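Next up, data.cif (mmCIF, C-alpha atoms):
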data_final
#
loop_
_atom_site.label_atom_id
_atom_site.label_comp_id
_atom_site.auth_asym_id
_atom_site.auth_seq_id
_atom_site.Cartn_x
_atom_site.Cartn_y
_atom_site.Cartn_z
CA MET A 1 119.57 93.82 90.02
CA ASP A 2 122.76 92.97 88.09
CA ASP A 3 126.19 94.18 89.20
CA GLU A 4 126.54 96.63 86.33
CA THR A 5 123.25 98.36 87.15
CA LEU A 6 124.14 98.42 90.83
CA ASP A 7 127.57 99.94 90.12
CA ARG A 8 125.95 102.62 87.98
CA LEU A 9 123.33 103.42 90.63
CA VAL A 10 125.97 103.59 93.34
CA ALA A 11 128.06 105.99 91.21
CA GLU A 12 124.99 108.18 90.56
CA ALA A 13 124.02 108.13 94.23
CA GLN A 14 127.57 109.15 95.13
CA ARG A 15 127.13 112.18 92.87
CA GLY A 16 124.05 113.12 94.94
CA ASN A 17 121.25 111.67 92.83
CA PRO A 18 118.42 110.84 95.31
CA GLU A 19 116.53 108.80 92.69
CA ALA A 20 119.47 106.43 92.29
CA PHE A 21 119.69 106.07 96.05
CA GLY A 22 115.96 105.31 96.08
CA ARG A 23 116.48 102.40 93.68
CA ILE A 24 119.28 101.06 95.85
CA PHE A 25 116.95 101.36 98.84
CA ASP A 26 114.24 99.42 97.01
CA ALA A 27 116.67 96.62 96.21
CA TYR A 28 118.13 96.25 99.70
CA ALA A 29 115.52 97.48 102.21
CA GLY A 30 113.71 94.12 102.47
CA PRO A 31 116.86 92.00 103.00
CA ILE A 32 118.32 94.53 105.45
CA HIS A 33 115.07 94.56 107.43
CA ARG A 34 115.01 90.75 107.49
CA PHE A 35 118.57 90.61 108.77
CA ILE A 36 117.91 93.22 111.47
CA ALA A 37 114.52 91.78 112.48
CA SER A 38 116.17 88.41 113.06
CA ARG A 39 118.52 89.99 115.59
CA VAL A 40 116.46 92.48 117.60
CA ASN A 41 113.60 92.06 120.02
CA ARG A 42 111.07 94.60 118.90
CA PRO A 43 109.59 95.22 115.43
CA SER A 44 109.89 98.97 116.10
CA ASP A 45 113.65 98.49 116.65
CA ALA A 46 113.90 96.71 113.32
CA GLU A 47 112.17 99.64 111.63
CA ASP A 48 114.34 102.25 113.34
CA LEU A 49 117.57 100.39 112.68
CA THR A 50 116.71 99.76 109.02
CA GLN A 51 116.16 103.47 108.60
CA LEU A 52 119.37 104.24 110.48
CA VAL A 53 121.39 101.90 108.26
CA PHE A 54 120.22 103.65 105.10
CA VAL A 55 120.82 107.10 106.55
CA LYS A 56 124.32 105.99 107.54
CA ALA A 57 124.80 104.53 104.05
CA LEU A 58 123.74 107.87 102.57
CA GLU A 59 126.31 109.69 104.68
CA ALA A 60 129.10 107.16 104.06
CA LEU A 61 128.38 106.61 100.36
CA PRO A 62 130.78 109.32 99.10
CA ARG A 63 133.61 107.43 100.83
CA TYR A 64 132.60 104.00 99.51
CA GLU A 65 135.03 102.60 96.94
CA ALA A 66 134.15 99.37 95.11
CA ARG A 67 137.70 97.93 94.75
CA GLY A 68 136.64 94.33 95.15
CA ILE A 69 134.31 95.07 98.10
CA PRO A 70 130.79 94.10 97.05
CA PHE A 71 128.25 96.82 97.80
CA GLY A 72 125.94 94.32 99.55
CA GLY A 73 128.74 93.28 101.89
CA TRP A 74 129.50 96.92 102.67
CA LEU A 75 125.84 97.72 103.37
CA PHE A 76 125.34 94.68 105.60
CA ARG A 77 128.48 95.55 107.50
CA LEU A 78 126.82 98.88 108.32
CA ALA A 79 123.72 96.96 109.41
CA ARG A 80 125.79 94.59 111.54
CA ASN A 81 127.56 97.50 113.25
CA ALA A 82 124.25 99.28 113.86
CA ILE A 83 122.84 96.16 115.53
CA ILE A 84 125.96 95.75 117.68
CA ASP A 85 125.84 99.43 118.73
CA GLN A 86 122.17 99.16 119.61
CA ALA A 87 122.71 95.97 121.61
CA ARG A 88 125.52 97.69 123.53
CA THR A 89 123.53 100.79 124.36
CA ARG A 90 120.22 99.05 125.06
CA ARG A 91 121.72 95.92 126.65
CA ASP A 92 119.25 93.91 124.60
CA HIS A 93 119.57 90.21 124.18
CA LEU A 94 119.35 89.23 120.56
CA SER A 95 116.28 87.12 120.23
CA LEU A 96 114.92 85.19 117.34
CA VAL A 97 111.96 83.79 119.23
CA ALA A 98 110.61 87.27 119.82
CA ALA A 99 110.62 88.11 116.13
CA VAL A 100 107.39 89.63 114.93
CA THR A 101 104.69 87.02 114.46
CA ARG A 102 102.72 87.54 111.30
CA GLU A 103 101.60 84.19 110.02
CA THR A 104 99.52 83.94 106.90
CA GLU A 105 96.10 85.26 107.81
CA ASP A 106 94.09 83.50 105.14
CA ALA A 107 95.01 79.98 106.28
CA GLY A 108 92.52 77.87 108.26
CA PRO A 109 92.92 77.43 112.03
CA GLU A 110 94.59 74.00 111.74
CA ALA A 111 97.00 75.07 109.04
CA MET A 112 97.75 78.20 111.03
CA ALA A 113 98.52 76.17 114.12
CA ALA A 114 100.79 73.82 112.14
CA LEU A 115 102.51 76.76 110.52
CA ARG A 116 103.07 78.52 113.81
CA ASP A 117 104.41 75.30 115.31
CA ASP A 118 106.85 74.81 112.42
CA LEU A 119 108.06 78.40 112.60
CA ASP A 120 108.53 78.16 116.35
CA ARG A 121 110.66 75.05 115.80
CA VAL A 122 112.75 77.00 113.27
CA ALA A 123 113.20 79.83 115.78
CA ARG A 124 114.33 77.38 118.48
CA ALA A 125 116.65 75.60 116.06
CA LEU A 126 118.27 78.91 115.11
CA ILE A 127 118.92 79.76 118.75
CA GLU A 128 120.81 76.48 119.17
CA LEU A 129 123.36 77.50 116.49
CA THR A 130 126.60 79.20 117.40
CA ASP A 131 126.65 82.99 116.88
CA ASP A 132 128.77 82.68 113.74
CA GLN A 133 126.65 79.90 112.26
CA ARG A 134 123.47 81.87 112.93
CA GLU A 135 124.92 85.00 111.34
CA VAL A 136 125.83 83.08 108.22
CA ILE A 137 122.29 81.71 108.00
CA GLU A 138 120.85 85.20 108.48
CA LEU A 139 123.04 86.77 105.83
CA ARG A 140 122.91 83.94 103.31
CA PHE A 141 119.28 82.84 103.58
CA PHE A 142 117.35 85.71 105.15
CA ALA A 143 119.21 88.56 103.44
CA GLY A 144 120.10 86.61 100.28
CA LEU A 145 123.77 87.61 100.15
CA SER A 146 126.36 85.66 98.17
CA VAL A 147 129.13 83.80 99.98
CA HIS A 148 131.56 86.58 99.05
CA GLU A 149 129.23 89.35 100.30
CA THR A 150 128.58 87.40 103.51
CA ALA A 151 132.31 86.95 104.04
CA ASP A 152 132.85 90.67 103.52
CA ALA A 153 130.02 91.65 105.88
CA MET A 154 131.43 89.34 108.58
CA GLY A 155 135.08 90.15 107.92
CA ARG A 156 135.85 86.47 107.21
CA GLN A 157 137.22 84.39 104.34
CA ASP A 158 134.87 82.86 101.76
CA GLY A 159 136.00 79.36 102.77
CA THR A 160 135.19 80.05 106.43
CA VAL A 161 131.68 81.14 105.48
CA ARG A 162 131.16 77.97 103.42
CA GLY A 163 132.29 75.84 106.36
CA LEU A 164 130.04 77.69 108.80
CA GLN A 165 127.10 77.32 106.44
CA PHE A 166 127.72 73.59 106.02
CA ARG A 167 127.80 73.03 109.76
CA ALA A 168 124.83 75.33 110.38
CA LEU A 169 122.65 73.46 107.87
CA ALA A 170 123.67 70.14 109.39
CA ALA A 171 122.75 71.41 112.86
CA LEU A 172 119.41 72.75 111.60
CA ARG A 173 118.63 69.42 109.90
CA ARG A 174 119.24 67.64 113.19
CA SER A 175 117.18 70.11 115.24
CA LEU A 176 114.29 70.07 112.79
CA GLY A 177 114.38 66.28 112.43
CA ILE A 178 115.08 66.36 108.71
CA GLU A 179 116.87 63.15 107.82
CA ILE A 180 119.14 62.64 104.85
CA GLU A 181 117.06 60.01 103.08
CA ALA A 182 114.80 59.69 100.08
CA PRO A 183 111.81 61.99 100.74
CA SER A 184 108.43 60.25 100.78
CA GLY A 185 106.92 63.22 98.91
CA ALA A 186 103.72 63.11 100.93
CA GLU A 187 105.08 64.72 104.06
CA THR A 188 105.50 68.25 102.82
CA SER A 189 105.35 70.48 105.84
CA ALA A 190 102.65 73.03 106.37
CA VAL A 191 105.34 75.68 106.33
CA THR A 192 106.60 74.98 102.85
CA ALA A 193 103.06 74.82 101.55
CA GLN A 194 102.21 78.16 103.16
CA ALA A 195 105.44 79.79 102.07
CA ARG A 196 104.60 79.23 98.46
CA ILE A 197 101.06 80.57 98.59
CA MET B 198 120.67 58.79 93.89
CA GLY B 199 123.82 59.21 96.01
CA TYR B 200 124.31 60.58 99.51
CA ALA B 201 125.23 64.05 98.23
CA GLU B 202 121.95 64.28 96.35
CA PHE B 203 119.92 63.25 99.41
CA GLU B 204 121.85 65.75 101.47
CA ARG B 205 121.05 68.47 98.96
CA LEU B 206 117.33 67.58 99.11
CA ALA B 207 117.40 67.72 102.91
CA ASN B 208 119.14 71.10 102.78
CA ASP B 209 116.51 72.32 100.32
CA ARG B 210 113.85 71.50 102.91
CA VAL B 211 115.77 73.42 105.58
CA GLU B 212 116.10 76.37 103.21
CA ASP B 213 112.35 76.24 102.50
CA LEU B 214 111.66 76.40 106.21
CA LEU B 215 114.09 79.29 106.65
CA GLU B 216 112.47 81.19 103.80
CA ALA B 217 109.01 80.61 105.24
CA TYR B 218 110.25 81.80 108.62
CA ALA B 219 111.75 84.94 107.07
CA GLN B 220 108.64 85.70 105.02
CA SER B 221 106.32 85.22 107.93
CA ARG B 222 108.27 86.78 110.77
CA LEU B 223 111.03 89.00 109.41
CA ASP B 224 109.74 90.75 106.29
CA PRO B 225 108.62 94.35 106.80
CA THR B 226 104.96 95.09 106.14
CA GLY B 227 104.09 97.49 103.31
CA PRO B 228 103.32 100.49 105.56
CA VAL B 229 106.55 99.97 107.53
CA LEU B 230 108.63 99.87 104.36
CA ALA B 231 106.82 102.92 102.97
CA ARG B 232 107.47 104.82 106.20
CA ILE B 233 111.18 103.97 106.21
CA ARG B 234 111.45 104.87 102.53
CA ALA B 235 109.76 108.25 102.98
CA ASN B 236 112.12 109.18 105.82
CA VAL B 237 115.26 107.95 104.07
CA MET B 238 114.38 109.63 100.78
CA ALA B 239 113.58 112.91 102.52
CA GLN B 240 117.04 112.72 104.06
CA ALA B 241 118.56 111.97 100.63
CA ALA B 242 116.74 114.94 99.07
CA ALA B 243 117.85 117.21 101.90
CA SER B 244 121.48 116.09 101.50
CA ALA B 245 121.33 116.69 97.77
CA ALA B 246 119.86 120.16 98.33
CA ALA B 247 122.49 120.97 100.95
CA ASN B 248 125.26 119.84 98.59
CA ARG B 249 123.88 121.96 95.78
CA ALA B 250 123.75 124.96 98.10
CA LEU B 251 127.36 124.33 99.10
CA ASP B 252 128.42 124.02 95.45
CA THR B 253 126.92 127.39 94.56
CA ARG B 254 128.76 129.01 97.44
CA THR B 255 132.12 127.53 96.53
CA LEU B 256 134.51 130.32 95.62
CA ALA B 257 136.18 130.41 92.23
CA PRO B 258 139.92 129.79 92.26
CA ALA B 259 141.93 132.95 92.93
CA ARG B 260 143.56 134.72 90.01
CA PRO B 261 147.03 136.28 90.12
CA ARG B 262 146.39 139.42 92.13
CA PHE B 263 146.53 142.96 90.68
CA ALA B 264 148.53 141.95 87.59
CA TRP B 265 146.38 144.25 85.50
CA LEU B 266 147.31 147.21 87.74
CA GLN B 267 150.83 147.10 86.41
CA GLY B 268 149.71 148.85 83.23
CA PRO B 269 149.13 152.61 82.78
CA LEU B 270 145.40 152.54 83.74
CA PRO B 271 143.88 156.03 84.18
CA ARG B 272 142.81 156.61 87.78
CA ARG B 273 139.28 157.83 86.93
CA ALA B 274 138.44 154.79 84.83
CA PHE B 275 139.70 152.58 87.62
CA ALA B 276 137.44 154.37 90.15
CA LEU B 277 134.39 154.04 87.89
CA GLY B 278 135.12 150.38 87.27
CA LEU B 279 135.53 149.71 90.96
CA ALA B 280 132.21 151.45 91.77
CA ALA B 281 130.41 149.43 89.09
CA THR B 282 131.96 146.21 90.35
CA LEU B 283 130.94 146.94 93.91
CA THR B 284 127.36 147.69 92.83
CA LEU B 285 127.08 144.54 90.71
CA GLY B 286 128.83 142.47 93.34
CA THR B 287 126.47 143.63 96.07
CA GLY B 288 123.49 142.94 93.80
CA ALA B 289 124.73 139.45 93.06
CA ALA B 290 125.38 138.83 96.75
CA VAL B 291 121.83 139.94 97.59
CA LEU B 292 120.32 137.70 94.89
CA ALA B 293 122.26 134.70 96.20
CA ALA B 294 121.57 135.43 99.89
CA PRO B 295 120.54 132.26 101.76
CA PRO B 296 117.66 132.29 104.29
CA GLY B 297 118.70 133.64 107.67
CA SER B 298 121.29 135.97 106.14
CA PRO B 299 120.87 139.76 106.46
CA PHE B 300 120.25 140.10 102.71
CA TYR B 301 117.56 137.41 102.45
CA ASN B 302 114.61 139.79 102.87
CA ALA B 303 116.14 142.15 100.33
CA ARG B 304 116.43 139.22 97.94
CA LEU B 305 112.73 138.34 98.42
CA VAL B 306 111.70 141.95 97.70
CA ILE B 307 113.81 141.99 94.51
CA GLU B 308 112.44 138.61 93.39
CA ALA B 309 108.87 139.78 94.02
CA ALA B 310 109.52 142.98 92.05
CA LEU B 311 110.88 140.97 89.12
CA LEU B 312 107.83 138.68 88.83
CA PRO B 313 106.30 138.78 85.34
CA THR B 314 102.89 140.41 84.97
CA GLU B 315 101.41 137.93 82.50
CA ILE B 316 99.33 135.40 84.52
CA ASP B 317 100.80 132.12 83.25
CA ALA B 318 104.39 133.30 83.47
CA ARG B 319 103.74 134.82 86.90
CA LEU B 320 102.35 131.54 88.28
CA ALA B 321 105.22 129.57 86.72
CA ALA B 322 107.68 131.97 88.40
CA TYR B 323 105.89 131.53 91.73
CA GLU B 324 106.22 127.76 91.37
CA VAL B 325 109.96 128.10 90.76
CA HIS B 326 110.17 130.25 93.89
CA LEU B 327 108.14 127.74 95.92
CA GLU B 328 110.47 124.90 94.89
CA GLN B 329 113.45 127.05 95.77
CA ARG B 330 112.03 127.89 99.21
CA LEU B 331 111.40 124.20 99.93
CA LYS B 332 114.96 123.30 98.98
CA GLU B 333 116.25 126.11 101.18
CA ALA B 334 114.08 124.84 104.05
CA GLU B 335 115.38 121.29 103.61
CA ALA B 336 118.97 122.48 103.50
CA ALA B 337 118.42 124.60 106.61
CA GLY B 338 116.78 121.65 108.37
CA ALA B 339 119.67 119.37 107.42
CA ALA B 340 122.12 121.96 108.75
CA GLY B 341 120.08 122.34 111.98
CA ASP B 342 119.67 126.08 111.38
CA ALA B 343 116.27 126.92 112.91
CA ASN B 344 116.41 130.63 111.94
CA ALA B 345 117.12 129.86 108.29
CA LEU B 346 114.39 127.22 108.32
CA ALA B 347 111.84 129.69 109.69
CA ALA B 348 112.91 132.36 107.17
CA ALA B 349 112.64 129.96 104.21
CA LEU B 350 109.24 128.68 105.32
CA ALA B 351 107.89 132.21 105.94
CA ALA B 352 108.96 133.08 102.39
CA TYR B 353 107.34 129.84 101.18
CA GLU B 354 104.03 130.82 102.80
CA ALA B 355 104.17 134.28 101.25
CA ASP B 356 104.75 132.70 97.84
CA VAL B 357 101.80 130.32 98.35
CA THR B 358 99.57 133.34 98.98
CA GLY B 359 101.03 135.09 95.94
CA ALA B 360 100.57 132.04 93.72
CA LEU B 361 96.98 131.63 94.86
CA GLY B 362 96.29 135.25 93.97
CA ALA B 363 98.04 134.88 90.60
CA ALA B 364 95.96 131.83 89.67
CA GLY B 365 92.78 133.85 90.28
CA ASP B 366 89.71 131.82 89.27
CA ASP B 367 91.30 129.95 86.38
CA ALA B 368 90.24 126.33 86.98
CA GLU B 369 93.20 124.81 85.14
CA LEU B 370 95.79 126.94 86.88
CA LEU B 371 94.16 126.30 90.25
CA ALA B 372 94.14 122.53 89.64
CA HIS B 373 97.82 122.66 88.73
CA LEU B 374 98.62 124.73 91.81
CA GLU B 375 96.65 122.31 93.99
CA GLN B 376 98.76 119.41 92.70
CA THR B 377 101.96 121.32 93.30
CA LEU B 378 100.94 122.24 96.85
CA ALA B 379 99.91 118.65 97.60
CA LYS B 380 103.40 117.47 96.56
CA HIS B 381 104.99 120.16 98.66
CA THR B 382 102.86 119.19 101.66
CA THR B 383 104.29 115.67 101.41
CA VAL B 384 107.82 117.10 101.44
CA LEU B 385 106.96 119.31 104.42
CA VAL B 386 105.46 116.38 106.34
CA ALA B 387 108.63 114.37 105.71
CA LEU B 388 110.66 117.35 106.89
CA GLU B 389 108.55 117.59 110.03
CA ALA B 390 109.07 113.88 110.74
CA ARG B 391 112.81 114.26 110.41
CA LEU B 392 113.34 117.33 112.53
CA PRO B 393 112.78 117.99 116.21
CA ALA B 394 109.54 119.93 116.82
CA GLN B 395 109.59 123.10 114.71
CA ALA B 396 106.60 125.44 114.84
CA SER B 397 107.57 126.95 111.49
CA VAL B 398 107.18 123.59 109.72
CA ASP B 399 103.81 122.90 111.36
CA LYS B 400 102.64 126.38 110.34
CA ALA B 401 103.82 125.91 106.75
CA ILE B 402 101.99 122.58 106.52
CA ALA B 403 98.82 124.12 107.95
CA ASN B 404 98.98 127.07 105.53
CA SER B 405 99.66 124.80 102.57
CA GLN B 406 96.63 122.70 103.50
CA LYS B 407 94.52 125.84 103.94
CA ALA B 408 95.53 126.98 100.46
CA ILE B 409 94.53 123.59 99.03
CA GLN B 410 91.20 123.88 100.85
CA LYS B 411 90.68 127.37 99.40
CA ILE B 412 91.32 126.03 95.90
CA LYS B 413 88.78 123.26 96.48
CA GLU B 414 86.22 125.78 97.75
CA LYS B 415 86.78 127.95 94.70
CA GLY B 416 86.09 124.89 92.55
CA GLU B 417 82.92 124.08 94.48
CA ASN B 418 81.67 127.67 94.24
CA ARG B 419 82.30 127.65 90.54
CA GLY B 420 80.41 124.38 90.23
CA ASN B 421 77.47 125.69 92.30
CA SER B 422 77.14 128.95 90.36
CA GLY B 423 77.53 127.15 87.02
CA ASN B 424 79.93 129.90 86.09
CA GLY B 425 82.87 127.68 85.15
CA ALA B 426 86.06 129.30 84.02
CA SER B 427 87.22 128.49 80.55
CA PRO B 428 90.95 127.93 80.78
CA SER B 429 92.75 128.20 77.52
CA HIS B 430 96.30 127.87 78.72
CA GLY B 431 98.61 125.83 80.94
CA PRO B 432 100.77 127.22 83.71
CA ASN B 433 103.80 127.44 81.46
CA GLY B 434 102.10 129.64 78.92
CA GLN B 435 101.45 126.71 76.62
CA PRO B 436 98.11 126.53 74.89
CA GLY B 437 95.62 124.12 76.44
CA ASN B 438 94.46 120.96 74.72
CA PRO B 439 91.87 122.09 72.20
CA GLY B 440 90.02 118.78 72.55
CA PRO B 441 88.56 116.63 69.84
CA PRO B 442 87.26 118.38 66.74
#
Show how you would write the structure in this file as structure tokens.
Amino acid sequence: MDDETLDRLVAEAQRGNPEAFGRIFDAYAGPIHRFIASRVNRPSDAEDLTQLVFVKALEALPRYEARGIPFGGWLFRLARNAIIDQARTRRDHLSLVAAVTRETEDAGPEAMAALRDDLDRVARALIELTDDQREVIELRFFAGLSVHETADAMGRQDGTVRGLQFRALAALRRSLGIEIEAPSGAETSAVTAQARI
Amino acid sequence: MGYAEFERLANDRVEDLLEAYAQSRLDPTGPVLARIRANVMAQAAASAAANRALDTRTLAPARPRFAWLQGPLPRRAFALGLAATLTLGTGAAVLAAPPGSPFYNARLVIEAALLPTEIDARLAAYEVHLEQRLKEAEAAGAAGDANALAAALAAYEADVTGALGAAGDDAELLAHLEQTLAKHTTVLVALEARLPAQASVDKAIANSQKAIQKIKEKGENRGNSGNGASPSHGPNGQPGNPGPP
């Protein structure tokens, strides 16, 4: 969705048009769920919090003013606050390992095992990041936000986000054993093959 | 190929892994997303309905008071005018009475008395009333007013019965009413999911489903007896499709 369309939908939703809000929901529900699911223990919590974020967005929308604040950044800030509130009240530990497991069902047993192994390694590698680095990865790569939107959601500068992302990717490369060298081409992981099915 | 290019390729592999991880373990399933959407959109519709209700109740800005009384207005004409204003004002207040207010039942009686007699127009008017009752119920639910919610849903049920009677045995009108009631049932189910347990909502859903069942039975009976109705008109009084020549 381009910025112009988004601005128009936000303006219509602010005037109380539920259909416009529905289109905003369709654009952001998946990324918001991804971001939340990466930070809570239970799939049911991810569902409840995703719903809560959009209900809060609906309530707060009349007070939202664009003025250089990207809508995505604003929405993910609501999501971030909802996660923090839930963690405070439930005393949950944020866990990436416990994220819902739903590997591709139509793969064979060996490919499934390889896929699960790769994804478990990703989960462990993410846990080894600092909190800030992990949040940048979640917002940039799981939720698909721009650097500017990520910076706004985290309350940081764009340059800080770029630095955190650089260091996070370097740490992930090390953890996952991905060397900076000419790829052989034949060693494509089971994960990347499955992801593109 | 320089170091920066190799680094970019390595990062691409990390990003592929992250995307695979997100797709496999973080994406919501279809039913989960549909469930969240239904609840959020029901909330959005309720907010919109509540805002509309608030807008209609907003008072007009005050005019300079009693300026017109400065002139030499005869006392009798003033008394007559005042009486007429009070009558019209009370009527307008009754017709705008929200559910749960003392005038709501009076409003329902007046609306029922004003229903057109012609079948198509009558059913169309019932449908307008049904939509209005649902909006009132949603607004009452959003405001947490259980009495208003029960009043709006009781009126909704009465209108369902009225609409069913108005449609009679006309197959086309009944099919249209069935569709309308099915849509309304979805709204009611969403309302039920959003609110704490409310017997009035459960009852409205049950009655709506009963009405749909009755329509289906009417259709089956018609099919069994081979005595099909021959609808010639739509619910809005428009002529039906005459079909190919």
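Candidate residues A:Glu47, A:Val136, A:Leu119, A:Ile84 were compared for distance to Gly163 in chain A, and the nearest is A:Val136, using only C-alpha atoms.
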**Item:** Shell of 12 Å around Arg156 in chain A, all atoms listed in the file, local chain residues under 3 positions omitted, as an MDAnalysis selection string
**Value:** chainID A and resid 73 77 132 135:136 147:153 159:164
**Message:** With distances taken over all atoms listed in the file, which residue among B:Arg391, B:Ile316, B:Ala349, B:Gln406 lies nearest chain A?
**Reply:**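 Distance minimum relative to chain A lands on B:Arg391.
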I need the contact residues of chain B against chain A, so if you could list those with any atom within 6 Å, counting all atoms listed in the file, and return them as a short mmCIF file (atom, residue, chain, number, x, y, z; two decimals) with C-alpha atoms, in the frame of the given file, that would help.
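Output contents, as saved in part23.cif:
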data_model
loop_
_atom_site.label_atom_id
_atom_site.label_comp_id
_atom_site.auth_asym_id
_atom_site.auth_seq_id
_atom_site.Cartn_x
_atom_site.Cartn_y
_atom_site.Cartn_z
CA PHE B 203 119.92 63.25 99.41
CA GLU B 204 121.85 65.75 101.47
CA ALA B 207 117.40 67.72 102.91
CA ASP B 213 112.35 76.24 102.50
CA ALA B 217 109.01 80.61 105.24
CA TYR B 218 110.25 81.80 108.62
CA ALA B 219 111.75 84.94 107.07
CA SER B 221 106.32 85.22 107.93
CA ARG B 222 108.27 86.78 110.77
CA LEU B 223 111.03 89.00 109.41
CA ASP B 224 109.74 90.75 106.29
CA ILE B 233 111.18 103.97 106.21
CA ALA B 241 118.56 111.97 100.63
CA ALA B 242 116.74 114.94 99.07
CA ALA B 245 121.33 116.69 97.77
#
**Message:** as a PyMOL selection string, please: the residues near range 317-327 of chain B (cut-off 10 Å, only C-alpha atoms, same-chain neighbours under 6 positions excluded).
**Reply:** chain B and resi 305+308-309+311+333+349-350+352-364+370-371+373-374+377-378+381+430-435
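Rounded to one decimal, CA of Arg167 in chain A and CA of Leu75 in chain A lie 25.6 Å from each other.
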**Item:** Who sits within 9 Å of Glu389 in chain B, only C-alpha atoms, same chain under 5 positions skipped, as number ranges by chain
**Value:** B: 384, 394-395, 398-399, 402
Near-Ala339 in chain B list (9 Å; only C-alpha atoms; drop same-chain fewer than 4 positions) as a PDB file with C-alpha atoms, in the coordinates of the input:
ATOM      1  CA  GLN B 240     117.040 112.720 104.060  1.00  0.00           C
ATOM      2  CA  ALA B 243     117.850 117.210 101.900  1.00  0.00           C
ATOM      3  CA  SER B 244     121.480 116.090 101.500  1.00  0.00           C
ATOM      4  CA  ALA B 247     122.490 120.970 100.950  1.00  0.00           C
ATOM      5  CA  ALA B 334     114.080 124.840 104.050  1.00  0.00           C
ATOM      6  CA  GLU B 335     115.380 121.290 103.610  1.00  0.00           C
ATOM      7  CA  LEU B 392     113.340 117.330 112.530  1.00  0.00           C
TER       8      LEU B 392
END
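CA of Ile412 in chain B sits 7.7 Å away from CA of Ala372 in chain B.
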**Message:** Just the number, please: distance in Å from CA of Ala231 in chain B to CA of Ala408 in chain B, one decimal.
**Reply:**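 Rounded to one decimal, the two atoms are 26.7 Å apart.
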**Residue nearest Met154 in chain A - candidates A:Asn41, A:Thr89, A:Thr5, A:Asn81, atoms counted: only C-alpha atoms** = A:Asn81
**Item:** Ground truth for the PyMOL selection byres ((chain B and resi 297) around 8), written as a PyMOL selection string
**Value:** chain B and resi 295-296+298-299+301+344-346+348-349
**Prompt:** Which residue out of A:Ala60, A:Ala20, A:Ala27, A:Ala111 has the minimum interatomic distance to Met1 in chain A when all atoms listed in the file are used?
**Reply:**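 Answer, going by the shortest atom-to-atom distance: A:Ala27.
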